[in-house]
Each structure stands twice: as structure tokens, then as C-alpha cells.
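File shown here: entry32.cif, holding mmCIF, C-alpha atoms.
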```cif
data_entry
loop_
_atom_site.label_atom_id
_atom_site.label_comp_id
_atom_site.auth_asym_id
_atom_site.auth_seq_id
_atom_site.Cartn_x
_atom_site.Cartn_y
_atom_site.Cartn_z
CA MET D 1 52.61 -113.79 -77.36
CA ILE D 2 54.62 -115.18 -74.47
CA PRO D 3 58.42 -114.89 -74.45
CA ALA D 4 58.84 -118.68 -74.71
CA ASP D 5 57.19 -118.66 -78.15
CA ARG D 6 59.57 -115.99 -79.36
CA THR D 7 62.55 -117.89 -77.95
CA ALA D 8 61.31 -121.02 -79.72
CA TRP D 9 61.11 -119.04 -82.95
CA VAL D 10 64.69 -117.79 -82.55
CA VAL D 11 65.99 -121.25 -81.65
CA ASP D 12 64.33 -122.82 -84.70
CA LEU D 13 65.67 -120.24 -87.14
CA ASP D 14 68.40 -121.26 -89.54
CA VAL D 15 70.77 -118.34 -88.92
CA ASP D 16 74.26 -118.06 -87.41
CA CYS D 17 75.00 -117.71 -83.71
CA PHE D 18 75.57 -113.93 -83.86
CA ALA D 19 72.15 -113.39 -85.40
CA LYS D 20 70.69 -115.69 -82.76
CA ALA D 21 72.38 -113.83 -79.92
CA VAL D 22 70.96 -110.51 -81.16
CA LEU D 23 67.52 -111.95 -81.83
CA HIS D 24 67.43 -113.53 -78.36
CA VAL D 25 67.99 -110.13 -76.77
CA MET D 26 65.30 -108.53 -78.93
CA ALA D 27 62.89 -111.42 -78.38
CA HIS D 28 63.37 -111.09 -74.62
CA ARG D 29 62.86 -107.33 -74.60
CA ALA D 30 60.08 -107.16 -77.21
CA ASN D 31 56.51 -106.15 -76.52
CA GLY D 32 54.23 -109.18 -76.46
CA THR D 33 51.68 -107.99 -78.99
CA THR D 34 53.54 -105.61 -81.27
CA LEU D 35 56.83 -107.59 -81.14
CA LYS D 36 58.62 -104.25 -81.06
CA SER D 37 61.65 -103.61 -78.89
CA TRP D 38 63.19 -100.26 -78.16
CA ILE D 39 66.83 -100.78 -77.46
CA THR D 40 70.17 -99.05 -78.02
CA ILE D 41 73.09 -100.58 -79.91
CA ASP D 42 75.20 -100.32 -76.75
CA ARG D 43 72.77 -102.38 -74.77
CA LEU D 44 72.40 -104.92 -77.57
CA ALA D 45 76.17 -105.24 -77.75
CA LYS D 46 76.43 -105.83 -74.01
CA GLU D 47 73.58 -108.30 -73.75
CA ALA D 48 74.42 -110.24 -76.92
CA GLY D 49 78.11 -110.37 -75.97
CA MET D 50 79.55 -108.82 -79.10
CA SER D 51 81.01 -105.54 -80.36
CA ARG D 52 78.81 -102.60 -81.45
CA ARG D 53 80.10 -102.96 -85.01
CA LYS D 54 79.18 -106.62 -85.18
CA VAL D 55 75.75 -105.84 -83.76
CA GLN D 56 75.19 -103.24 -86.47
CA SER D 57 76.27 -105.51 -89.31
CA THR D 58 74.18 -108.36 -87.87
CA ILE D 59 71.12 -106.12 -87.70
CA ARG D 60 71.64 -105.10 -91.31
CA ALA D 61 71.94 -108.75 -92.34
CA LEU D 62 68.77 -109.62 -90.43
CA GLU D 63 66.94 -106.74 -92.07
CA SER D 64 67.92 -107.88 -95.55
CA ALA D 65 66.85 -111.42 -94.62
CA GLY D 66 63.45 -110.00 -93.71
CA LEU D 67 63.55 -111.22 -90.11
CA LEU D 68 63.75 -107.77 -88.60
CA GLU D 69 62.21 -104.42 -89.37
CA SER D 70 63.85 -101.39 -87.86
CA ASP D 71 62.60 -97.85 -87.51
CA ARG D 72 65.25 -95.14 -87.29
CA SER D 73 62.84 -92.29 -87.92
CA SER D 74 62.35 -91.23 -84.30
CA GLY D 75 65.71 -89.45 -84.26
CA ARG D 76 66.30 -90.57 -80.71
CA LYS D 77 69.15 -92.63 -79.42
CA ALA D 78 67.35 -95.96 -79.52
CA ASN D 79 65.87 -97.45 -82.68
CA THR D 80 62.73 -99.52 -82.75
CA TYR D 81 63.11 -103.07 -83.97
CA ARG D 82 60.22 -105.31 -84.85
CA LEU D 83 60.64 -109.08 -85.06
CA ASN D 84 59.10 -110.32 -88.27
CA MET D 85 57.98 -113.71 -87.04
CA LYS D 86 55.98 -114.46 -90.18
CA ALA D 87 59.17 -114.72 -92.19
CA ASN D 88 60.76 -117.98 -91.15
CA PRO D 89 63.47 -119.12 -93.55
CA ALA D 90 64.09 -122.29 -91.55
CA GLN D 91 60.56 -123.49 -92.03
CA ARG D 92 60.44 -122.42 -95.66
CA ALA D 93 63.75 -124.06 -96.45
CA SER D 94 62.56 -127.38 -95.07
CA LEU D 95 59.33 -127.00 -97.01
CA ASN D 96 61.34 -126.42 -100.17
CA ARG D 97 63.49 -129.43 -99.47
CA ALA D 98 60.45 -131.63 -98.98
CA GLN D 99 58.78 -130.31 -102.10
CA ARG D 100 61.94 -130.69 -104.11
CA ALA D 101 62.35 -134.26 -102.89
CA SER D 102 58.82 -135.11 -103.99
CA LEU D 103 59.52 -133.42 -107.31
CA ASN D 104 62.67 -135.47 -107.88
CA ARG D 105 60.85 -138.65 -107.00
CA ALA D 106 58.11 -137.75 -109.44
CA GLN D 107 60.59 -136.92 -112.17
CA ARG D 108 62.26 -140.28 -111.83
CA ALA D 109 58.96 -142.11 -111.86
CA SER D 110 57.46 -140.33 -114.80
CA LEU D 111 59.97 -139.91 -117.58
CA SER D 112 57.74 -141.78 -120.00
CA ALA D 113 54.37 -140.93 -118.49
CA SER D 114 51.99 -138.84 -120.53
CA ASN D 115 49.75 -137.64 -117.72
CA ARG D 116 51.12 -134.25 -116.71
CA ALA D 117 50.65 -132.00 -113.73
CA GLN D 118 51.32 -128.33 -113.91
CA ILE D 119 54.22 -126.88 -111.99
CA ASP D 120 54.09 -123.24 -111.19
CA ILE D 121 57.54 -121.79 -110.60
CA GLN D 122 57.40 -118.40 -108.94
CA PRO D 123 60.93 -117.08 -108.75
CA CYS D 124 60.49 -113.51 -107.57
CA THR D 125 57.33 -113.18 -105.51
CA ASP D 126 59.24 -112.73 -102.26
CA ARG D 127 62.66 -113.11 -100.71
CA HIS D 128 62.43 -116.86 -100.28
CA PRO D 129 60.96 -118.25 -103.48
CA THR D 130 59.01 -121.44 -103.20
CA VAL D 131 57.98 -124.02 -105.74
CA HIS D 132 54.23 -124.45 -105.75
CA ILE D 133 52.81 -127.69 -106.96
CA VAL D 134 49.45 -126.88 -108.44
CA HIS D 135 48.12 -130.42 -108.69
CA PRO D 136 49.99 -132.39 -106.03
CA GLU D 137 47.87 -135.49 -106.60
CA GLN D 138 49.04 -135.65 -110.21
CA VAL D 139 52.70 -135.11 -109.50
CA LEU D 140 53.32 -138.73 -108.60
CA THR D 141 51.96 -139.87 -111.96
CA GLY D 142 53.75 -137.36 -114.12
CA ILE D 143 54.97 -133.81 -114.48
CA GLU D 144 55.81 -131.35 -117.16
CA GLN D 145 59.45 -130.50 -117.71
CA PRO D 146 60.06 -127.10 -116.15
CA THR D 147 60.14 -124.40 -118.81
CA PRO D 148 63.19 -122.12 -119.12
CA PRO D 149 62.66 -118.99 -117.04
CA ALA D 150 62.23 -115.57 -118.62
CA ALA D 151 65.31 -113.37 -118.98
CA ALA D 152 64.38 -111.00 -116.15
CA SER D 153 63.68 -113.79 -113.66
CA VAL D 154 66.98 -115.55 -114.48
CA TRP D 155 68.87 -113.10 -112.31
CA SER D 156 66.43 -113.33 -109.44
CA ILE D 157 66.79 -117.12 -109.54
CA ALA D 158 70.56 -116.80 -109.51
CA LYS D 159 70.34 -114.49 -106.47
CA GLN D 160 69.08 -117.46 -104.44
CA TRP D 161 72.30 -119.34 -105.09
CA LEU D 162 74.98 -116.68 -105.38
CA SER D 163 75.53 -113.45 -103.55
CA GLY D 164 75.14 -110.28 -105.61
CA GLY D 165 78.89 -109.65 -105.63
CA LEU D 166 79.78 -113.14 -106.82
CA LEU D 167 77.12 -112.98 -109.52
CA GLY D 168 78.52 -109.67 -110.72
CA ARG D 169 82.03 -111.10 -110.83
CA CYS D 170 80.79 -114.10 -112.83
CA ILE D 171 79.09 -111.80 -115.35
CA ARG D 172 82.27 -109.76 -115.67
CA ASP D 173 84.50 -112.82 -116.08
CA TYR D 174 82.33 -115.05 -118.27
CA GLY D 175 79.99 -112.63 -120.06
CA GLU D 176 76.32 -112.01 -119.41
CA GLU D 177 75.07 -114.46 -122.03
CA ASN D 178 77.11 -117.41 -120.76
CA VAL D 179 76.05 -116.79 -117.18
CA ALA D 180 72.37 -116.55 -118.17
CA GLN D 181 72.64 -119.83 -120.10
CA ALA D 182 74.36 -121.54 -117.18
CA ILE D 183 71.67 -120.32 -114.77
CA THR D 184 68.92 -121.62 -117.04
CA ALA D 185 70.66 -124.98 -117.29
CA THR D 186 71.10 -125.15 -113.51
CA ASP D 187 67.48 -124.21 -112.94
CA LEU D 188 66.27 -126.99 -115.21
CA LYS D 189 68.60 -129.57 -113.67
CA ARG D 190 67.96 -128.59 -110.00
CA PRO D 191 71.15 -130.08 -108.50
CA ALA D 192 71.69 -130.48 -104.77
CA ASP D 193 74.31 -127.74 -104.71
CA PRO D 194 73.24 -125.18 -107.36
CA LYS D 195 76.10 -122.80 -106.61
CA ALA D 196 78.83 -125.38 -107.27
CA TYR D 197 76.96 -126.71 -110.31
CA LEU D 198 76.60 -123.24 -111.79
CA LEU D 199 80.24 -122.33 -111.24
CA GLY D 200 81.24 -125.70 -112.72
CA ILE D 201 79.27 -125.02 -115.92
CA LEU D 202 80.81 -121.56 -116.18
CA LYS D 203 84.33 -122.93 -115.76
CA LYS D 204 83.65 -125.48 -118.49
CA THR D 205 82.13 -123.01 -120.98
CA LYS D 206 84.89 -120.45 -120.98
CA GLN D 207 88.09 -119.60 -119.17
CA PRO D 208 87.97 -116.30 -117.30
CA GLU D 209 89.43 -113.35 -119.22
CA VAL D 210 92.26 -112.87 -116.76
CA THR D 211 93.63 -116.38 -117.10
CA ARG D 212 93.50 -116.20 -120.90
CA VAL D 213 95.59 -113.05 -120.99
CA VAL D 214 98.18 -114.69 -118.80
CA ASN D 215 98.21 -117.78 -121.06
CA ASP D 216 98.71 -115.63 -124.18
CA TRP D 217 101.82 -114.15 -122.68
CA MET F 1 63.91 -121.18 -62.53
CA THR F 2 61.48 -120.08 -65.23
CA GLY F 3 62.52 -119.52 -68.82
CA PHE F 4 62.17 -115.78 -68.43
CA GLU F 5 64.45 -115.63 -65.41
CA ARG F 6 66.96 -117.86 -67.10
CA THR F 7 67.07 -115.65 -70.22
CA GLU F 8 67.37 -112.57 -68.01
CA ARG F 9 70.39 -114.11 -66.28
CA ILE F 10 72.02 -115.16 -69.55
CA LEU F 11 71.63 -111.64 -70.96
CA GLY F 12 73.27 -110.24 -67.83
CA LEU F 13 76.38 -112.43 -68.15
CA SER F 14 79.52 -110.98 -69.66
CA VAL F 15 80.49 -113.75 -72.07
CA ASP F 16 80.87 -113.70 -75.86
CA ALA F 17 78.15 -114.19 -78.46
CA TYR F 18 78.97 -117.87 -79.04
CA ALA F 19 78.55 -118.64 -75.35
CA LYS F 20 75.32 -116.64 -75.18
CA ALA F 21 73.80 -118.36 -78.20
CA MET F 22 74.78 -121.73 -76.72
CA LEU F 23 73.39 -120.88 -73.27
CA GLN F 24 70.12 -119.73 -74.83
CA ALA F 25 69.85 -122.99 -76.75
CA LEU F 26 70.55 -124.96 -73.55
CA ALA F 27 68.13 -122.83 -71.53
CA TYR F 28 65.43 -123.39 -74.12
CA ARG F 29 65.78 -127.14 -73.63
CA ALA F 30 66.27 -127.06 -69.86
CA ASP F 31 63.77 -128.51 -67.42
CA ALA F 32 62.18 -125.84 -65.19
CA THR F 33 62.66 -127.64 -61.86
CA SER F 34 65.98 -129.41 -62.24
CA ASP F 35 67.56 -127.05 -64.83
CA ARG F 36 68.70 -130.11 -66.71
CA CYS F 37 68.58 -130.97 -70.39
CA TRP F 38 69.72 -133.80 -72.61
CA PRO F 39 70.14 -132.38 -76.12
CA SER F 40 72.43 -134.01 -78.67
CA MET F 41 75.49 -132.08 -79.84
CA LYS F 42 73.99 -131.92 -83.34
CA ARG F 43 70.75 -130.39 -82.04
CA LEU F 44 72.64 -127.92 -79.83
CA ALA F 45 74.79 -126.86 -82.77
CA GLY F 46 71.75 -126.39 -85.00
CA GLU F 47 69.78 -124.45 -82.43
CA SER F 48 72.65 -122.17 -81.48
CA GLY F 49 73.65 -121.58 -85.10
CA MET F 50 77.17 -122.96 -85.15
CA SER F 51 79.07 -126.04 -86.27
CA VAL F 52 79.20 -129.18 -84.13
CA ARG F 53 82.92 -128.66 -83.61
CA LYS F 54 82.45 -125.11 -82.37
CA ALA F 55 79.53 -126.21 -80.21
CA ARG F 56 81.69 -128.85 -78.52
CA TYR F 57 84.41 -126.26 -77.94
CA VAL F 58 81.96 -123.70 -76.51
CA ILE F 59 80.41 -126.32 -74.20
CA ARG F 60 83.89 -127.16 -72.89
CA GLU F 61 84.58 -123.46 -72.28
CA LEU F 62 81.27 -123.00 -70.47
CA GLN F 63 82.09 -125.99 -68.29
CA ALA F 64 85.48 -124.54 -67.49
CA ALA F 65 83.81 -121.23 -66.60
CA GLY F 66 81.46 -123.09 -64.26
CA LEU F 67 78.29 -121.98 -66.01
CA ILE F 68 77.20 -125.50 -66.84
CA ASP F 69 77.93 -128.89 -65.33
CA GLU F 70 78.02 -132.04 -67.35
CA ILE F 71 77.04 -135.26 -65.62
CA CYS F 72 77.55 -138.30 -67.84
CA GLY F 73 76.34 -136.55 -70.93
CA ARG F 74 73.59 -134.47 -69.41
CA GLU F 75 73.92 -130.74 -69.16
CA VAL F 76 72.98 -128.91 -65.96
CA ILE F 77 72.78 -125.13 -66.06
CA THR F 78 73.90 -123.52 -62.84
#
```

I need this file expressed as C-alpha cells, please.
Amino acid sequence: MIPADRTAWVVDLDVDCFAKAVLHVMAHRANGTTLKSWITIDRLAKEAGMSRRKVQSTIRALESAGLLESDRSSGRKANTYRLNMKANPAQRASLNRAQRASLNRAQRASLSASNRAQIDIQPCTDRHPTVHIVHPEQVLTGIEQPTPPAAASVWSIAKQWLSGGLLGRCIRDYGEENVAQAITATDLKRPADPKAYLLGILKKTKQPEVTRVVNDW
Amino acid sequence: MTGFERTERILGLSVDAYAKAMLQALAYRADATSDRCWPSMKRLAGESGMSVRKARYVIRELQAAGLIDEICGREVIT
């Protein structure tokens, strides 16, 4: 693979500028076939124009996003980083948007229709869940209402919208049951901004514990 | 200048991450012979991973540093 392809991949990604700066360095230095680069943090920091600390935290973020695989097992000074060009959140996100748009259109068109297509929601198959339309030709005529997700998958759905910390805080403040119900409601409704919608439901259902104590006083 | 040479030069510069991401985005769009490109601010911001406001600010800084020239809306990397 020629460097221009890798640069194109980095440019098209939907990540912040720090991640892009780091990825550009790795893409430039990577081996053409294995996509592996062998580079120290110091060098990354210099060539990406940021501090060593920021480079480290960016690499960790990229790893958890699945864009980068690193190998620290060699015990040498430089780690090996492999660009995971198959994982492309930018492309997947746009795919999801397009699919969701077609879903919404179908929902509007088919509230009274009896002909139903099957929708297969796969919440936890990978890091970037996608909605698969099993019979796309039937979607325009009618669809089944999405079924409420199972209890275990509720949390994995919520992870798409909220960070783990925020989710934990919500559970602590509003109770596990309320949060699960709110997530199910949000999943069925599929609003444009699920995070805001979810937090809105939670605020409506119950005041956080802390505020209630203060009010009692 | 080829894309490879351009990237090599950008990596060698001592500017911050915002400027590097912006230069890479510009270099990706730049023409090989004239080093010119005509991207919109929105596209530049998207491809460098920052907001349009920040992108405008970074472009102004790069101009002040003499790394790019702007001629009636077109960017020239020097």
C-alpha cells in the first residue's frame, strides 16, 4: 500500500486533530504491507508536535477506538504500532446515518402498513454496532417495530451514547432500573441526539439523590 | 514536490499538533506541481479534525509563520 492511501485514510477518519497528527506520523513511517511502524514516543512527540504525555494518551484512545494495535512485548525502547485500516469509524458512522435515515423514512411511510420487513439489531458484535436491514427491499413498504433489547445488551447500547463514567454516574444517581428503562425507551425512539434524550428522560423520571437531600433540608 | 516529500517536510517542522494536522490536510489536497489547493474551510476543518473556528485561526497562524500563502482564497504551501 502506498503512503498516499494511508494518508487518505487518516484524512478521512472522524477523529480529533491530535489523533490525526499521531496517525499521520505512523502512516508515514509504516511498512507498506504490514502497516507496522516501529517508533519511540519521543520521536512521535517531536514529529506530531505535541508532548510525550499527550502522545501516550492519544495512543491509548486510538487503541480503544480500534484504529491502532500496539505491541509492547519486545521490551525494547520502541513499541510496534499497527494501523488497523479495516476499522474506519468515519465510514461506518456515515453508513449508520444513511441506514438510519432510510429507517426513519420507512417508519413514517408505514405506520399503518401490514407488510413487514425484519430488522436485525446487533448491539454488541463489535465496537461500532451497525443496524442491518435484512430485507432492504421491504423496508420502504413496512417494518416491524424494534423490539426492546435484552437486559445485557441494554448497557452495551448505552455505551455507544455515553462514556462509561457518565453511565456509572447515571446509575448511581437515578438507580439501575430507571436508567435501563430510559435506555430502552431511547433505543426504541432513536432520536437524533440519544445522549441528550436519555439524560432528559432520566431528569424527568427522578431527581438525583443529592438534590433531594438538599431540598429536604 | 511529491506527497511523500511534503509529509516528510511537515513532520520535520517544529510546530504544534494543530498546525501539523492542518498542514497534512492541506498537503493531502495540494497539487503536485504548483503546491496549490482550494479546499473549503469546512472541508479543511473536517479533514484536520478540528472546528471551523479553530481551523480559521490555525490557517491565520500558518500564514503569519510563512508556511502557507493565501492568494484570493487559494492556499499555496511553501

> Can you list, as JSON, numbers by chain, the residues that the PyMOL selection byres ((chain D and resi 178) around 12) selects here?
Replying inline: {"D": [170, 171, 172, 173, 174, 175, 176, 177, 179, 180, 181, 182, 183, 184, 185, 198, 199, 201, 202, 203, 204, 205, 206, 207, 208]}

>> Based on all atoms listed in the file, which of the residues in chain F come within 6 Å of chain D? I want them as a PyMOL selection string.
In response: chain F and resi 11+15-17+21+47-50

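In this structure, atom CA of D:Val55 sits 7.0 Å away from atom CA of D:Ile41.
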
>> Rounded to one decimal, what separation in Å do you get between atom CA of D:Thr80 and atom CA of D:Ser37?
In response: 5.7 Å

>> Report, in Å to a single decimal, how far apart atom CA of D:Ser163 and atom CA of D:Leu188 are.
In response: 20.1 Å

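The residues returned by the PyMOL selection byres ((chain F and resi 26) around 9) on the shown structure are Ala21, Met22, Leu23, Gln24, Ala25, Ala27, Tyr28, Arg29, Ala30, Arg36, Cys37, Trp38, Pro39, Leu44, Glu47, Ser48, Glu75, Val76 and Ile77 of chain F.
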
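Proximity to stretch 83-86 of chain D at 7 Å, evaluated using all atoms listed in the file and with sequence-adjacent residues fewer than 3 positions away removed, yields Leu35, Lys36, Gly66, Leu67, Leu68 and Glu69 of chain D.
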